[in-house]
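K.L.:
Pasting run_18.csv below, which is CSV, C-alpha atoms.
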```csv
chain,number,residue,atom,x,y,z
A,274,MET,CA,19.0,-61.5,-21.0
A,275,ALA,CA,21.0,-58.7,-22.4
A,276,LYS,CA,24.2,-60.1,-21.0
A,277,THR,CA,23.7,-63.8,-21.8
A,278,ALA,CA,21.7,-64.0,-25.0
A,279,LYS,CA,23.8,-64.4,-28.2
A,280,THR,CA,23.1,-61.9,-31.0
A,281,THR,CA,21.4,-62.9,-34.2
A,282,ALA,CA,24.7,-62.2,-36.0
A,283,PHE,CA,26.6,-64.5,-33.7
A,284,VAL,CA,24.2,-67.4,-34.2
A,285,GLU,CA,24.1,-66.9,-38.0
A,286,ASP,CA,27.9,-66.9,-38.1
A,287,ILE,CA,28.0,-70.2,-36.2
A,288,MET,CA,25.5,-71.7,-38.5
A,289,LYS,CA,27.3,-70.4,-41.6
A,290,ARG,CA,30.6,-71.8,-40.5
A,291,ALA,CA,29.0,-75.2,-39.7
A,292,GLY,CA,27.6,-75.2,-43.2
A,293,ALA,CA,24.0,-75.1,-42.1
A,294,PRO,CA,21.1,-73.2,-43.8
A,295,LEU,CA,20.4,-69.7,-42.5
A,296,ARG,CA,16.8,-69.2,-43.5
A,297,PRO,CA,13.7,-71.5,-43.3
A,298,GLN,CA,12.7,-70.8,-46.9
A,299,ASP,CA,16.1,-72.3,-48.0
A,300,VAL,CA,14.9,-75.8,-46.8
A,301,GLY,CA,11.2,-75.5,-47.8
A,302,VAL,CA,9.7,-74.0,-44.6
A,303,ASP,CA,7.4,-71.4,-46.1
A,304,GLU,CA,6.3,-68.0,-44.7
A,305,LYS,CA,3.0,-69.3,-43.7
A,306,ILE,CA,4.4,-72.0,-41.4
A,307,VAL,CA,6.8,-69.5,-39.9
A,308,HIS,CA,4.1,-66.9,-39.4
A,309,ASN,CA,1.8,-69.4,-37.7
A,310,SER,CA,4.6,-70.9,-35.6
A,311,MET,CA,5.1,-67.5,-34.0
A,312,LEU,CA,1.5,-67.5,-32.9
A,313,ILE,CA,1.1,-71.1,-32.0
A,314,ALA,CA,4.4,-72.5,-30.8
A,315,LYS,CA,3.8,-71.3,-27.3
A,316,GLU,CA,0.9,-73.8,-27.0
A,317,VAL,CA,3.2,-76.7,-28.1
A,318,ARG,CA,4.5,-77.2,-24.6
A,319,GLN,CA,3.5,-76.0,-21.2
A,320,ARG,CA,6.8,-74.4,-20.5
A,321,TYR,CA,7.0,-70.7,-20.1
A,322,THR,CA,9.3,-69.1,-22.7
A,323,ILE,CA,9.9,-65.7,-24.4
A,324,LEU,CA,6.9,-66.6,-26.7
A,325,ASN,CA,4.6,-66.6,-23.7
A,326,MET,CA,6.2,-63.4,-22.5
A,327,LEU,CA,5.5,-61.8,-25.8
A,328,SER,CA,1.9,-63.0,-25.8
A,329,ASP,CA,1.3,-61.9,-22.2
A,330,LEU,CA,2.6,-58.4,-23.1
A,331,GLY,CA,0.5,-58.2,-26.3
A,332,LEU,CA,3.6,-58.2,-28.5
A,333,THR,CA,3.2,-61.4,-30.5
A,334,GLU,CA,2.1,-59.7,-33.7
A,335,LYS,CA,4.8,-57.1,-33.5
A,336,TYR,CA,7.5,-59.7,-33.2
A,337,THR,CA,5.9,-61.9,-35.9
A,338,ALA,CA,6.3,-59.0,-38.2
A,339,ILE,CA,9.9,-58.5,-37.1
A,340,ILE,CA,10.7,-62.1,-37.8
A,341,GLU,CA,9.0,-62.0,-41.2
A,342,HIS,CA,11.0,-58.9,-42.1
A,343,LEU,CA,14.2,-60.7,-41.1
A,344,LEU,CA,13.3,-63.6,-43.4
A,345,ASN,CA,12.5,-61.3,-46.4
A,346,ASP,CA,15.5,-59.1,-46.1
A,347,SER,CA,18.2,-60.8,-48.1
A,348,SER,CA,20.7,-58.0,-47.4
A,349,ILE,CA,21.0,-59.0,-43.7
A,350,ILE,CA,22.8,-62.3,-44.2
B,240,MET,CA,12.9,-65.7,-17.0
B,241,SER,CA,10.4,-68.3,-15.7
B,242,GLN,CA,12.3,-68.4,-12.4
B,243,ILE,CA,11.6,-64.6,-12.0
B,244,ILE,CA,8.0,-64.7,-13.3
B,245,ASN,CA,6.7,-68.1,-12.1
B,246,ASN,CA,9.2,-68.9,-9.4
B,247,GLU,CA,10.2,-72.0,-11.4
B,248,TYR,CA,13.1,-74.0,-10.1
B,249,TYR,CA,16.4,-73.0,-11.7
B,250,CYS,CA,19.6,-75.0,-11.2
B,251,GLU,CA,22.8,-73.0,-11.7
B,252,ALA,CA,25.0,-76.1,-11.9
B,253,THR,CA,22.8,-77.7,-14.5
B,254,ALA,CA,22.7,-74.5,-16.6
B,255,LYS,CA,26.5,-74.5,-16.5
B,256,ILE,CA,26.6,-78.1,-17.9
B,257,SER,CA,24.6,-76.9,-20.9
B,258,ALA,CA,26.5,-73.7,-21.3
B,259,ASP,CA,29.9,-75.5,-21.2
B,260,ALA,CA,28.7,-78.2,-23.7
B,261,ILE,CA,27.6,-75.5,-26.1
B,262,GLN,CA,30.8,-73.5,-25.8
B,263,LYS,CA,32.8,-76.6,-26.6
B,264,CYS,CA,30.9,-77.0,-29.8
B,265,ILE,CA,31.2,-73.4,-30.7
B,266,ASP,CA,35.0,-73.4,-30.1
B,267,ASN,CA,35.4,-76.0,-32.8
B,268,ILE,CA,32.5,-75.1,-35.1
B,269,ASP,CA,34.6,-74.9,-38.2
B,270,GLY,CA,35.3,-78.6,-37.9
B,271,VAL,CA,31.6,-79.4,-38.4
B,272,LYS,CA,31.7,-78.5,-42.1
B,273,THR,CA,34.5,-81.0,-42.7
B,274,ARG,CA,33.1,-83.5,-40.2
B,275,SER,CA,36.3,-83.5,-38.2
B,276,ASP,CA,36.6,-86.1,-35.4
B,277,ALA,CA,37.0,-83.3,-32.9
B,278,ALA,CA,33.8,-81.5,-34.0
B,279,ILE,CA,31.7,-84.6,-34.2
B,280,GLY,CA,33.1,-85.6,-30.8
B,281,ASN,CA,32.1,-82.3,-29.3
B,282,ILE,CA,28.6,-82.6,-30.6
B,283,MET,CA,28.2,-86.1,-29.3
B,284,ASP,CA,29.7,-85.0,-26.0
B,285,GLY,CA,27.3,-82.0,-25.8
B,286,LEU,CA,24.3,-84.2,-26.6
B,287,ILE,CA,25.1,-86.6,-23.8
B,288,ARG,CA,26.0,-84.0,-21.3
B,289,THR,CA,22.8,-82.0,-21.9
B,290,GLY,CA,20.9,-85.3,-21.7
B,291,ILE,CA,22.4,-85.9,-18.3
B,292,ALA,CA,21.5,-82.3,-17.3
B,293,MET,CA,17.9,-82.9,-18.3
B,294,SER,CA,17.8,-86.0,-16.1
B,295,TYR,CA,19.1,-83.8,-13.2
B,296,VAL,CA,16.2,-81.4,-13.4
B,297,ASN,CA,13.6,-83.8,-14.7
B,298,ASN,CA,12.6,-81.7,-17.7
B,299,SER,CA,14.1,-80.7,-21.0
B,300,ARG,CA,14.9,-77.0,-20.3
B,301,PRO,CA,18.6,-77.7,-20.4
B,302,ALA,CA,18.3,-78.5,-24.1
B,303,SER,CA,15.1,-77.1,-25.3
B,304,GLY,CA,13.4,-73.7,-25.2
B,305,SER,CA,11.4,-71.5,-27.5
B,306,GLU,CA,13.5,-72.4,-30.5
B,307,HIS,CA,12.5,-76.1,-30.0
B,308,HIS,CA,8.9,-75.2,-29.6
B,309,LEU,CA,9.0,-73.3,-32.9
B,310,SER,CA,10.7,-76.3,-34.5
B,311,HIS,CA,8.1,-78.7,-33.1
B,312,TYR,CA,5.4,-76.7,-34.8
B,313,TRP,CA,7.2,-76.7,-38.1
B,314,GLU,CA,7.6,-80.5,-37.8
B,315,MET,CA,3.9,-81.0,-37.1
B,316,MET,CA,3.0,-78.9,-40.1
B,317,PHE,CA,5.3,-81.0,-42.3
B,318,LEU,CA,3.7,-84.1,-41.0
B,319,PHE,CA,0.2,-82.8,-41.6
B,320,GLN,CA,1.2,-81.8,-45.1
B,321,GLY,CA,2.9,-85.0,-45.9
B,322,LYS,CA,6.2,-83.3,-46.6
B,323,GLU,CA,9.4,-85.1,-46.2
B,324,ALA,CA,10.9,-84.4,-42.7
B,325,LEU,CA,13.9,-82.2,-42.2
B,326,LEU,CA,16.6,-83.1,-39.7
B,327,HIS,CA,15.9,-82.0,-36.2
B,328,GLY,CA,19.2,-80.1,-36.0
B,329,THR,CA,18.5,-78.3,-39.3
B,330,LYS,CA,15.2,-77.0,-37.9
B,331,VAL,CA,16.5,-76.1,-34.5
B,332,GLY,CA,19.5,-74.3,-36.0
B,333,LEU,CA,17.1,-72.1,-38.0
B,334,THR,CA,14.7,-71.5,-35.1
B,335,SER,CA,17.7,-70.6,-32.9
B,336,ILE,CA,18.4,-67.7,-35.3
B,337,LEU,CA,14.8,-66.6,-34.9
B,338,ALA,CA,15.0,-66.9,-31.1
B,339,ALA,CA,18.2,-64.8,-31.1
B,340,LYS,CA,16.4,-62.1,-33.1
B,341,ILE,CA,13.5,-62.1,-30.6
B,342,TYR,CA,15.8,-61.8,-27.6
B,343,GLU,CA,18.0,-59.2,-29.3
B,344,THR,CA,15.0,-57.1,-30.1
B,345,PHE,CA,13.1,-57.7,-26.8
B,346,VAL,CA,16.1,-56.4,-24.7
B,347,HIS,CA,15.3,-52.9,-26.1
B,348,GLU,CA,11.5,-53.2,-25.9
B,349,LYS,CA,9.8,-50.4,-24.1
B,350,VAL,CA,6.8,-52.2,-22.7
B,351,ASP,CA,3.5,-50.5,-22.1
B,352,PHE,CA,2.6,-52.4,-19.0
B,353,ASP,CA,-0.7,-50.6,-18.4
B,354,ALA,CA,-1.9,-51.5,-21.9
B,355,ALA,CA,-0.7,-55.1,-21.4
B,356,ILE,CA,-2.5,-55.4,-18.1
B,357,GLU,CA,-5.7,-54.0,-19.6
B,358,THR,CA,-5.6,-56.4,-22.5
B,359,ALA,CA,-4.9,-59.3,-20.2
B,360,LYS,CA,-8.0,-58.5,-18.2
B,361,ILE,CA,-10.3,-59.3,-21.2
```
Can you dump the structure from the file as structure tokens?
P.N.:
Amino acid sequence: MAKTAKTTAFVEDIMKRAGAPLRPQDVGVDEKIVHNSMLIAKEVRQRYTILNMLSDLGLTEKYTAIIEHLLNDSSII
Amino acid sequence: MSQIINNEYYCEATAKISADAIQKCIDNIDGVKTRSDAAIGNIMDGLIRTGIAMSYVNNSRPASGSEHHLSHYWEMMFLFQGKEALLHGTKVGLTSILAAKIYETFVHEKVDFDAAIETAKI
């Protein structure tokens, strides 16, 4: 994962250069939807993803807070 | 990840099809803003190739992971709320940023396995 996963900065840079929005709130996806998606998205499909891993390790809430912090910190972009 | 944890089937060759398709799009990403023929061609090419990759492994993992699951949830909420739909790519682009943040952070996570096991027993 450490070797192959792209960093947040890399993905944001790609999106920026493509002219795409960088934050959900920019297109009307509010905090509540994002918050809930972090909790519920793992149930949307049966496939095992990092969201399941977080849940299995009891880390869902911690990472939901991390994502919310990312969305609220305008200095990061 | 699932291969390690769940012994799920993982096809190296198919993964490479996806990786190469993405790289091609990334290499000409600046053309997307201007809708250049090359950039649009790369995106179309990538969509078709990952589609073929999905048919090889009979599931959508080559094109869809946690970022898509988050996007699906957003989409469902918009439907329930009667809000006008956003483009699929717009949503997945945003959730890809979130997924990157999760991976980037998780790589340094010091997991308390004992606590996790205890919680899982409940």
K.L.:
Dump as a ChimeraX atom specification all residues having an atom at most 9 Å from (20.8, -56.9, -23.4), computed in the file's coordinates with all atoms listed in the file.
P.N.:
/A:274-278 /B:342-347
K.L.:
Compile a residue-level contact table for chain A against chain B at a cut-off of 8 Å, reporting for every qualifying residue the shortest atom pair and its distance in Å to one decimal, with all atoms listed in the file counted, rows ordered by chain and ascending number, as a tab-separated table.
P.N.:
```
residue	atom	partner	partner_atom	distance
A:Met274	CA	B:Val346	CA	6.9
A:Ala275	CA	B:Val346	CA	5.9
A:Ala278	CA	B:Tyr342	CA	6.8
A:Lys279	CA	B:Ala339	CA	6.3
A:Thr280	CA	B:Ala339	CA	5.7
A:Thr281	CA	B:Ala339	CA	4.8
A:Val284	CA	B:Ile336	CA	5.9
A:Glu285	CA	B:Ile336	CA	6.4
A:Ile287	CA	B:Ile268	CA	6.7
A:Met288	CA	B:Gly332	CA	7.0
A:Arg290	CA	B:Asp269	CA	5.6
A:Ala291	CA	B:Lys272	CA	4.9
A:Gly292	CA	B:Lys272	CA	5.4
A:Ala293	CA	B:Thr329	CA	7.0
A:Pro294	CA	B:Leu333	CA	7.1
A:Leu295	CA	B:Leu333	CA	6.1
A:Arg296	CA	B:Leu333	CA	6.2
A:Pro297	CA	B:Leu333	CA	6.3
A:Val300	CA	B:Leu325	CA	7.9
A:Val302	CA	B:Trp313	CA	7.5
A:Ile306	CA	B:Trp313	CA	6.4
A:Val307	CA	B:Trp313	CA	7.4
A:Ser310	CA	B:Leu309	CA	5.7
A:Met311	CA	B:Leu309	CA	7.1
A:Ile313	CA	B:Tyr312	CA	7.6
A:Ala314	CA	B:Leu309	CA	5.1
A:Lys315	CA	B:His308	CA	6.8
A:Val317	CA	B:His308	CA	6.1
A:Arg318	CA	B:His308	CA	7.0
A:Tyr321	CA	B:Ser241	CA	6.1
A:Thr322	CA	B:Ser305	CA	5.8
A:Ile323	CA	B:Ser305	CA	6.7
A:Leu324	CA	B:Ser305	CA	6.7
A:Asp329	CA	B:Ala359	CA	7.0
A:Leu330	CA	B:Ala355	CA	5.0
A:Gly331	CA	B:Ala355	CA	5.9
A:Tyr336	CA	B:Ile341	CA	7.0
A:Ile340	CA	B:Leu337	CA	6.7
```
K.L.:
Counting all atoms listed in the file, find residues at most 12 Å from (17.5, -74.2, -13.3) (file frame) and give them as an MDAnalysis selection string.
P.N.:
chainID B and resid 240:243 246:257 292:293 295:302
K.L.:
Could you tell me how far CA of His327 (chain B) sits from CA of Leu332 (chain A), in Å to one decimal place?
P.N.:
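Computing the Euclidean distance for CA of Leu332 (chain A) and CA of His327 (chain B) yields 27.9 Å.
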K.L.:
Which neighbours of Asp284 (chain B) fall inside 12 Å, counting all atoms listed in the file, when residues of the same chain fewer than 3 positions from it are skipped, and could you give them as number ranges by chain?
P.N.:
B: 256-257, 259-264, 276-281, 287-291
K.L.:
Residues near Thr333 (chain A), anyone? I mean within 10 Å using all atoms listed in the file, not counting same-chain ones fewer than 6 positions away, as a list in words.
P.N.:
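Near Thr333 (chain A), the qualifying residues are Met311, Leu312, Leu324, Asn325, Met326, Leu327 and Ile339 of chain A.
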K.L.:
For the residues in the current selection, export C-alpha atoms as an mmCIF file, in the coordinates of the input.
P.N.:
```
data_model
loop_
_atom_site.group_PDB
_atom_site.id
_atom_site.type_symbol
_atom_site.label_atom_id
_atom_site.label_comp_id
_atom_site.auth_asym_id
_atom_site.auth_seq_id
_atom_site.Cartn_x
_atom_site.Cartn_y
_atom_site.Cartn_z
ATOM 1 C CA MET A 311 5.100 -67.500 -34.000
ATOM 2 C CA LEU A 312 1.500 -67.500 -32.900
ATOM 3 C CA LEU A 324 6.900 -66.600 -26.700
ATOM 4 C CA ASN A 325 4.600 -66.600 -23.700
ATOM 5 C CA MET A 326 6.200 -63.400 -22.500
ATOM 6 C CA LEU A 327 5.500 -61.800 -25.800
ATOM 7 C CA ILE A 339 9.900 -58.500 -37.100
#
```
K.L.:
Grab the CA of His308 (chain A) to CA of Glu357 (chain B) distance for me, in Å with one decimal place.
P.N.:
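So the answer is 25.6 Å.
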